[in-house]
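Have a look at the structure below, then the notes.
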Amino acid sequence: MQDFSYIAAKTIPEAVALLDEKGESARILAGGTDLIVQVREARRDVDWMIDIKSIPEVNVLDYNAATGLTLGAAVECYKIYADDAICDAYPSLIDATKIIGGTAIQGRAGVGGNLCNASPAADGIPPLIVLNASCVIAGPNGEREVPAEDFCTAPGQTVLAKGEMLVSMKIPVPASNSSSYYLRFIPRNEMDIAVVGAGAAVTLDAAQETIISARIALAAVAPTPLFAEEASALLAGQEVSDEAINAAAAAAQAIARPISDMRGTAEQRTHLVGVLTRRALNGAIQRVREAT
Amino acid sequence: MLENKEYKVIGTRPIRHDGVDKVTGRALYGADFQAAGLLHGRVLRSPHAHAHIISIDTSRAEALPGVKGVVTAKDLPNPGDKIADLGEGAVNLKHLCDNILASDKVLYKGHAVAAVAATNPHIAEEACTLIDVEYEVLPPVLEVRQAMESDAPILHDTIRTTSLGETGDEPSNVASHIQHKLGDPEKGFAEADVIIEREFVTGTVHQGYIEPHNATAHYNADGQLTIWCSTQGAFTVREQVAEILQYPISKIKVVPMEIGGGFGGKISVYIKPVAALLAKKTGKPVKVLMNRADVFEGTGPTPASYIRVKMGATKAGKLTAAQAYLAFEAGAYPGSPVGPGAMCIFAPYNIENVIIDGYDVVVNKPKTAPYRAPGAPNAAFGSETVVDEIAEKLGIDPLEIRLLNAAKEGDRRADGPVHPRIGCIETVEAAKAHPHYTAPNGKKHHGRGVASGYWFNIGLESSVTINVNSDGTINLIEGSTDIGGTRASIAMQAAEVLGIPAESVNPSVVDTNSVGYTAVTGGSRTTYATGYAAYEAAQDVKQQMIARAAKLWEVDAANVQFADGEFSSINGKEEQISFRDLCARLGETGGPIVGSGTVNPGGAGGAYATHVVDVVVDEETGKVDILRYTAVQDAGKAIHPSYVEGQIQGGAVQGIGWALNEEYIYNAEGEMTNASFLDYRMPTCLDLPMIDAVIVEVPNPGHPYGVRGVGEVPIVPPMAAIANAIYDAIGIRMTELPMSPDRLLKAMGKI
């Protein structure tokens, strides 16, 4: 493992100034469950690790039924799923936080780090997309917000410019008669990276028969996690039915651009997009219906 | 024949002697080893699967501050054409040496080409990046059938095919062709009413031991070389290092540390001679540790294979003929386990007409190494699937057809040996009677499969010394690395002889200077052969103790008997003394007692297993889940049933991994793309039901307590049993391993 310098930043401006000064050779350290492994395996060259865990803003975990959820960039998975109100409001996010690593990893790893690591297969990102999350970014020129589906630009690449860091993710209050679901396919029951991941959020009408709106997101089938916009739009106004769900699944398959690698083949992944999209949509619909 | 009898110690479940240190983290493994002035070694490995080495320039690495020495193949003695005798067969010494540090060619990605010793591991790692190796890259050969083509790139200009006593003229990747023939196969197939012929492909799989290889070496000023390491056999390390370094065995001491799994993969040496070379060059102790990628890419997995099996049977289910074609990937150098595969393939059956052809073929993958019943699982995947299909065609229960044809005492195996008393029938009968097999199995996409398996087991040399303590305990000195509870199972055999509890035995696994020659912990031989030596050593102690009692009572030794831990006089005087009390009187009766036992037994009894498995297949994703698993096995006599069950469960689990997801995945350049436990998918506890281990005891007449080896045969049946269960679930015969979700989706026509 290479030598590197470690700095614990105390404030956002301090972290931003360090990032701006060190540029490419610096990297934010939150849970470290991706970064430290990458450095140890010489997959990433880092001279400066800037630990943000002492910065108050990135540790905020605040859910309010009126304003929604503020999820700090360094909040660990276990804190998220320990909060019953968050579990009720954003079940797809909980699905993901419970399968990112094992219990020990969940004590360190957070959704913010999962997002910034920008793996195409990240389990944490499809829920952020389907839940309409907005990413709050601090930088030398102040703050800006970016929708979750626009945050990743390529494998390991994000919209974060020189000197910028993710502060938090803001997720709006869920509509009534809505719920969400995330699942992935792995050949084992644990210890794997998603071969394909699919998340879905649905809002039904009061009778719970018609889909008012839906959002579908996919993982591990393109260079970045994908928002399946057309597939989602197809469902708006449709009655809940196998035909409607199958049509959305087919539209989701149409945007998948998977590769073949050691985790799965392109054909397998495209096939699984259909299976998992159906299962995610049905899972979300079932949750709406079970909640009442 | 031995009767199944009750014993005082044997068959009980005492706490293992090494258990407390292991569960409290105090046991010392190779990576824990520390010494003053210790240097850290790191091996540079080839990025190419097949290339000529044009030049190696180590000067930039040597100039890095903290680097104390760099070695390449030039530092090894020139082996010439010598053949090394390593006890288990002759090995070309150049191949052996080239696998340690490549001299002229690299033959797989991960092949060691140089090594560095430095003051810390990070400097050693950095120094490796400063070694300039110029390669001429060659096209790789990655699959056995491709390697056998006449126009395939050739790995070794020196290899000529040896086939049934003849040697070929042209260089070839086929190192050898063997054949076993029994009866008249043509006639046998002519007598068959049903003939099934299928082809099978299996992937390269690794043992997956949790502890990576490690070695620390140090030369004393007088030239004595000591190596502390993780190994299945300290004496084989001594022999291999002596051959590779051309150094006398009397100047090498090997200290076996605790071992974190081996399964056959910790018999061959890799970094041990490298640590020795670096120690010699620097004059300091040097520790070399592998990481997981090194283990996958730089040590021996068990081979991928291409197999054809043809079997015929009468309408009544009698198997009339069997034929097998086994082509095994040896990896970079000859020596695949195709031989044992050919010996085991039809061994659960008594078939009069058999022909088996085996091919040992080199490819650009790591040199294969033993892995639990090496060769037999590949072979059984083919034969046990075909037997299942024959049973189905004939409408006969799959266990019934096994019983109809089961091998028994007096039957001849196709490769020659006549079976002594074996427990094939007993394992099939126990499976058939098990509540698992009789439970209903009708749900959609649920399936049940069965398969049997055989492994011959081995004997080889073992030595045990027993020192008697004055408090009635004994110190038992042995040379067998303890894998899976063998300290306990060996100690219990000595305890049984001496009528003392297992807890009164203090077993120690010691270095090569401190015990008689002992072969590897492998071949399912340790509880059998080292246990046999412990039995002999305890008998020696018993006889000496009888002489002491006779002296004490002034009677003839013939008039002293020993039973239930008590010595007594049987003629005239009514005297009695316990083992414990007599131990306190050794000084006055002649001094300390040391007993010894050495064996090289020929009576290792073969082991049979029959497994039953239930699966559920997700038809949409191709994922297979194991719902229930029952593994029946003949243990001969289970010395410590918990550790027999542990071996059965462990073997079944590794077989489940091999069946469902484990394989080396290669890209076109011959690079393994999944060299980590993240992507080399061994099953975790969440992927497994409790494995129900059922022990059958058909005593082995070749051992005083009837012991048969138990460690290997449980990995033989799982692949076929699971394939047969998948067929039962979805009506598709899977003929390629692993039966991973993508392959199932393809077979089901979903992609």
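By order in the structure tokens, chains are A, B, ...; within a chain, residues start at 1; ligands start at 1, following the order shown.
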Practice problem: Identify every residue of chain B that has at least one atom within 10 Å of any atom of chain A, counting only C-alpha atoms, and report the result as a PyMOL selection string. | Solution: chain B and resi 121-123+125-126+620-625+657+660-661+663-667+672-675+677-688+740-743+745-746+750-751
Quiz item: Quick one: residues within 10 Å of Leu164 of chain B, only C-alpha atoms counted, chain neighbours fewer than 5 positions away excluded, as a VMD selection string?
Solution: chain B and resid 176 to 180
Quiz prompt | Who sits within 6 Å of segment 37-52 of chain A, only C-alpha atoms, same chain under 5 positions skipped, as number ranges by chain | solution = A: 1, 4-9, 25-30
Practice problem: Excluding Val354 of chain B and any residue of its chain fewer than 2 positions from it, enumerate the residues within 7 Å of it, using only C-alpha atoms, and give them as number ranges by chain. | Solution: B: 181-183, 185, 321-323, 351-352, 356, 414
Go ahead and dump the residues you just picked, N, CA and C atoms, as an mmCIF file, in the first residue's frame.
data_model
loop_
_atom_site.group_PDB
_atom_site.id
_atom_site.type_symbol
_atom_site.label_atom_id
_atom_site.label_comp_id
_atom_site.auth_asym_id
_atom_site.auth_seq_id
_atom_site.Cartn_x
_atom_site.Cartn_y
_atom_site.Cartn_z
ATOM 1 N N LYS B 181 -8.540 -51.109 -19.259
ATOM 2 C CA LYS B 181 -9.532 -51.894 -19.992
ATOM 3 C C LYS B 181 -9.849 -53.161 -19.203
ATOM 4 N N LEU B 182 -11.118 -53.464 -19.142
ATOM 5 C CA LEU B 182 -11.573 -54.653 -18.423
ATOM 6 C C LEU B 182 -12.629 -55.333 -19.291
ATOM 7 N N GLY B 183 -12.499 -56.630 -19.482
ATOM 8 C CA GLY B 183 -13.503 -57.377 -20.247
ATOM 9 C C GLY B 183 -13.536 -56.965 -21.707
ATOM 10 N N PRO B 185 -15.593 -54.407 -23.878
ATOM 11 C CA PRO B 185 -16.583 -53.324 -23.918
ATOM 12 C C PRO B 185 -17.528 -53.426 -25.111
ATOM 13 N N ALA B 321 -21.780 -52.350 -19.779
ATOM 14 C CA ALA B 321 -20.525 -51.798 -20.296
ATOM 15 C C ALA B 321 -20.441 -50.323 -19.965
ATOM 16 N N ALA B 322 -19.199 -49.838 -19.853
ATOM 17 C CA ALA B 322 -19.000 -48.411 -19.593
ATOM 18 C C ALA B 322 -17.732 -47.957 -20.290
ATOM 19 N N GLN B 323 -17.793 -46.745 -20.824
ATOM 20 C CA GLN B 323 -16.638 -46.174 -21.497
ATOM 21 C C GLN B 323 -16.494 -44.724 -21.058
ATOM 22 N N ILE B 351 -18.994 -53.521 -13.028
ATOM 23 C CA ILE B 351 -19.293 -53.586 -14.467
ATOM 24 C C ILE B 351 -18.224 -54.465 -15.099
ATOM 25 N N GLU B 352 -18.645 -55.437 -15.888
ATOM 26 C CA GLU B 352 -17.685 -56.418 -16.418
ATOM 27 C C GLU B 352 -16.855 -55.886 -17.566
ATOM 28 N N ILE B 356 -11.435 -47.064 -20.275
ATOM 29 C CA ILE B 356 -11.262 -45.683 -19.810
ATOM 30 C C ILE B 356 -9.987 -45.136 -20.426
ATOM 31 N N ALA B 414 -11.871 -51.306 -12.727
ATOM 32 C CA ALA B 414 -11.390 -51.351 -14.115
ATOM 33 C C ALA B 414 -9.886 -51.161 -14.206
#
Practice problem: Can you check which residues of segment 2-126 of chain A DSSP gives as strand (DSSP E or B) on the backbone and send them as a list in words? | Solution: Ser5, Tyr6, Ile7, Ala8, Ala26, Arg27, Ile28, Leu29, Trp48, Met49, Ile50, Asp51, Leu61, Asp62, Tyr63, Asn64, Gly68, Leu69, Thr70, Leu71, Gly72, Glu76 and Gly110 of chain A
Quiz item: Leaving out Lys5 of chain B and any residue of its chain fewer than 6 positions from it, which residues lie within 12 Å of it when counting only C-alpha atoms, given as a PyMOL selection string?
Solution: chain B and resi 11+636-639+697-699+704-706
Keeping only C-alpha atoms, take the residues you just selected and write them out as a short mmCIF file (atom, residue, chain, number, x, y, z; two decimals), in the first residue's frame.
data_model
loop_
_atom_site.label_atom_id
_atom_site.label_comp_id
_atom_site.auth_asym_id
_atom_site.auth_seq_id
_atom_site.Cartn_x
_atom_site.Cartn_y
_atom_site.Cartn_z
CA GLY B 11 -16.58 -42.94 19.08
CA GLY B 636 -15.10 -47.50 8.58
CA LYS B 637 -15.01 -46.50 12.22
CA ALA B 638 -15.62 -42.89 13.22
CA ILE B 639 -12.98 -42.15 15.85
CA GLU B 697 -19.54 -47.88 9.71
CA VAL B 698 -18.22 -50.81 7.70
CA PRO B 699 -14.90 -51.43 9.47
CA PRO B 704 -6.84 -51.97 14.17
CA TYR B 705 -10.02 -49.95 14.82
CA GLY B 706 -11.43 -50.21 11.29
#
Quiz prompt | Near-segment 172-174 of chain A list (8 Å; only C-alpha atoms; drop same-chain fewer than 4 positions) as a list in words | solution =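 Contacts, with the query itself left out: Ala65, Ala66, Thr67, Gly68, Leu69, Ala89, Tyr90, Leu131, Asn132, Ala133, Ser178 and Ser179 of chain A.
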Exercise. Excluding segment 513-526 of chain B and residues on its chain fewer than 5 positions from it, collect all residues at most 7 Å away from it, counting only C-alpha atoms, and give them as number ranges by chain.
Key: B: 232-233, 235-236, 253, 264, 457-463, 477-481, 486, 531, 709-712
Using only C-alpha atoms, which residues of segment 644-728 of chain B come within 8 Å of segment 48-62 of chain B, and what is the closest atom pair for each, with the distance in Å to one decimal? Give it as a Markdown table, sorted by chain and residue number.
| residue | atom | partner | partner_atom | distance |
| --- | --- | --- | --- | --- |
| B:Glu669 | CA | B:Ala49 | CA | 6.9 |
| B:Gly670 | CA | B:Ala49 | CA | 5.3 |
| B:Glu671 | CA | B:Ala49 | CA | 6.6 |
Exercise. Take atom CA of Ala251 of chain A and atom CA of Ala228 of chain A and report the distance between them in Å, one decimal.
Key: 7.9 Å
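Using only C-alpha atoms, the shortest contact distance between Ile137 of chain A and any of A:Ala207, A:Met169, A:Ala198, A:Val75 is found at A:Met169.
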Within segment 21-83 of chain A, find each residue whose DSSP state, derived from the backbone, is helix (DSSP H, G or I), and express the selection as an mmCIF file with C-alpha atoms, in the first residue's frame.
data_model
loop_
_atom_site.group_PDB
_atom_site.id
_atom_site.type_symbol
_atom_site.label_atom_id
_atom_site.label_comp_id
_atom_site.auth_asym_id
_atom_site.auth_seq_id
_atom_site.Cartn_x
_atom_site.Cartn_y
_atom_site.Cartn_z
ATOM 1 C CA GLU A 21 -5.698 22.874 -3.396
ATOM 2 C CA LYS A 22 -4.791 19.155 -3.750
ATOM 3 C CA GLY A 23 -6.938 18.454 -6.811
ATOM 4 C CA GLU A 24 -6.762 14.957 -8.280
ATOM 5 C CA SER A 25 -4.355 13.681 -5.643
ATOM 6 C CA LEU A 35 -11.446 3.934 -0.906
ATOM 7 C CA ILE A 36 -9.118 2.047 1.405
ATOM 8 C CA VAL A 37 -9.584 -1.169 -0.547
ATOM 9 C CA GLN A 38 -8.884 0.667 -3.809
ATOM 10 C CA VAL A 39 -5.687 2.193 -2.451
ATOM 11 C CA ARG A 40 -4.568 -1.079 -0.932
ATOM 12 C CA PRO A 56 -21.499 18.245 11.299
ATOM 13 C CA GLU A 57 -23.357 18.785 7.992
ATOM 14 C CA VAL A 58 -22.356 15.420 6.539
ATOM 15 C CA ASN A 59 -23.598 13.590 9.626
ATOM 16 C CA CYS A 77 -26.124 2.535 6.627
ATOM 17 C CA TYR A 78 -26.907 1.131 10.039
ATOM 18 C CA LYS A 79 -28.183 4.501 11.277
ATOM 19 C CA ILE A 80 -30.564 4.743 8.357
ATOM 20 C CA TYR A 81 -32.218 1.393 8.840
#
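Taking only C-alpha atoms into account, Phe151 of chain A lies nearest to A:Pro225 out of the set A:Gly72, A:Pro225, A:Gly101, A:Pro258.
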Quiz item: Between B:Glu199, B:Glu566, B:Asp222, B:Glu496, which one has atoms that come closest to Ala379 of chain B, using only C-alpha atoms?
Solution: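 Among B:Glu199, B:Glu566, B:Asp222, B:Glu496, it is B:Glu199 that comes nearest to Ala379 of chain B.
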Quiz item: What does the distance from atom CA of Ile500 of chain B to atom CA of Ala635 of chain B come to in Å, to one decimal?
Solution: 23.9 Å
Quiz item: What does the distance from atom CA of Ile570 of chain B to atom CA of Ile546 of chain B come to in Å, to one decimal?
Solution: 12.1 Å
Quiz item: Which one of A:Ala74, A:Ala219, A:Val159, A:Ile125 sits closest to Leu93 of chain A if you count only C-alpha atoms?
Solution: A:Ile125
Quiz prompt | Proximity to Val201 of chain B - best of B:His156, B:Arg145, B:Lys408, B:Lys187, only C-alpha atoms | solution =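 Closest to Val201 of chain B, using only C-alpha atoms: B:Arg145.
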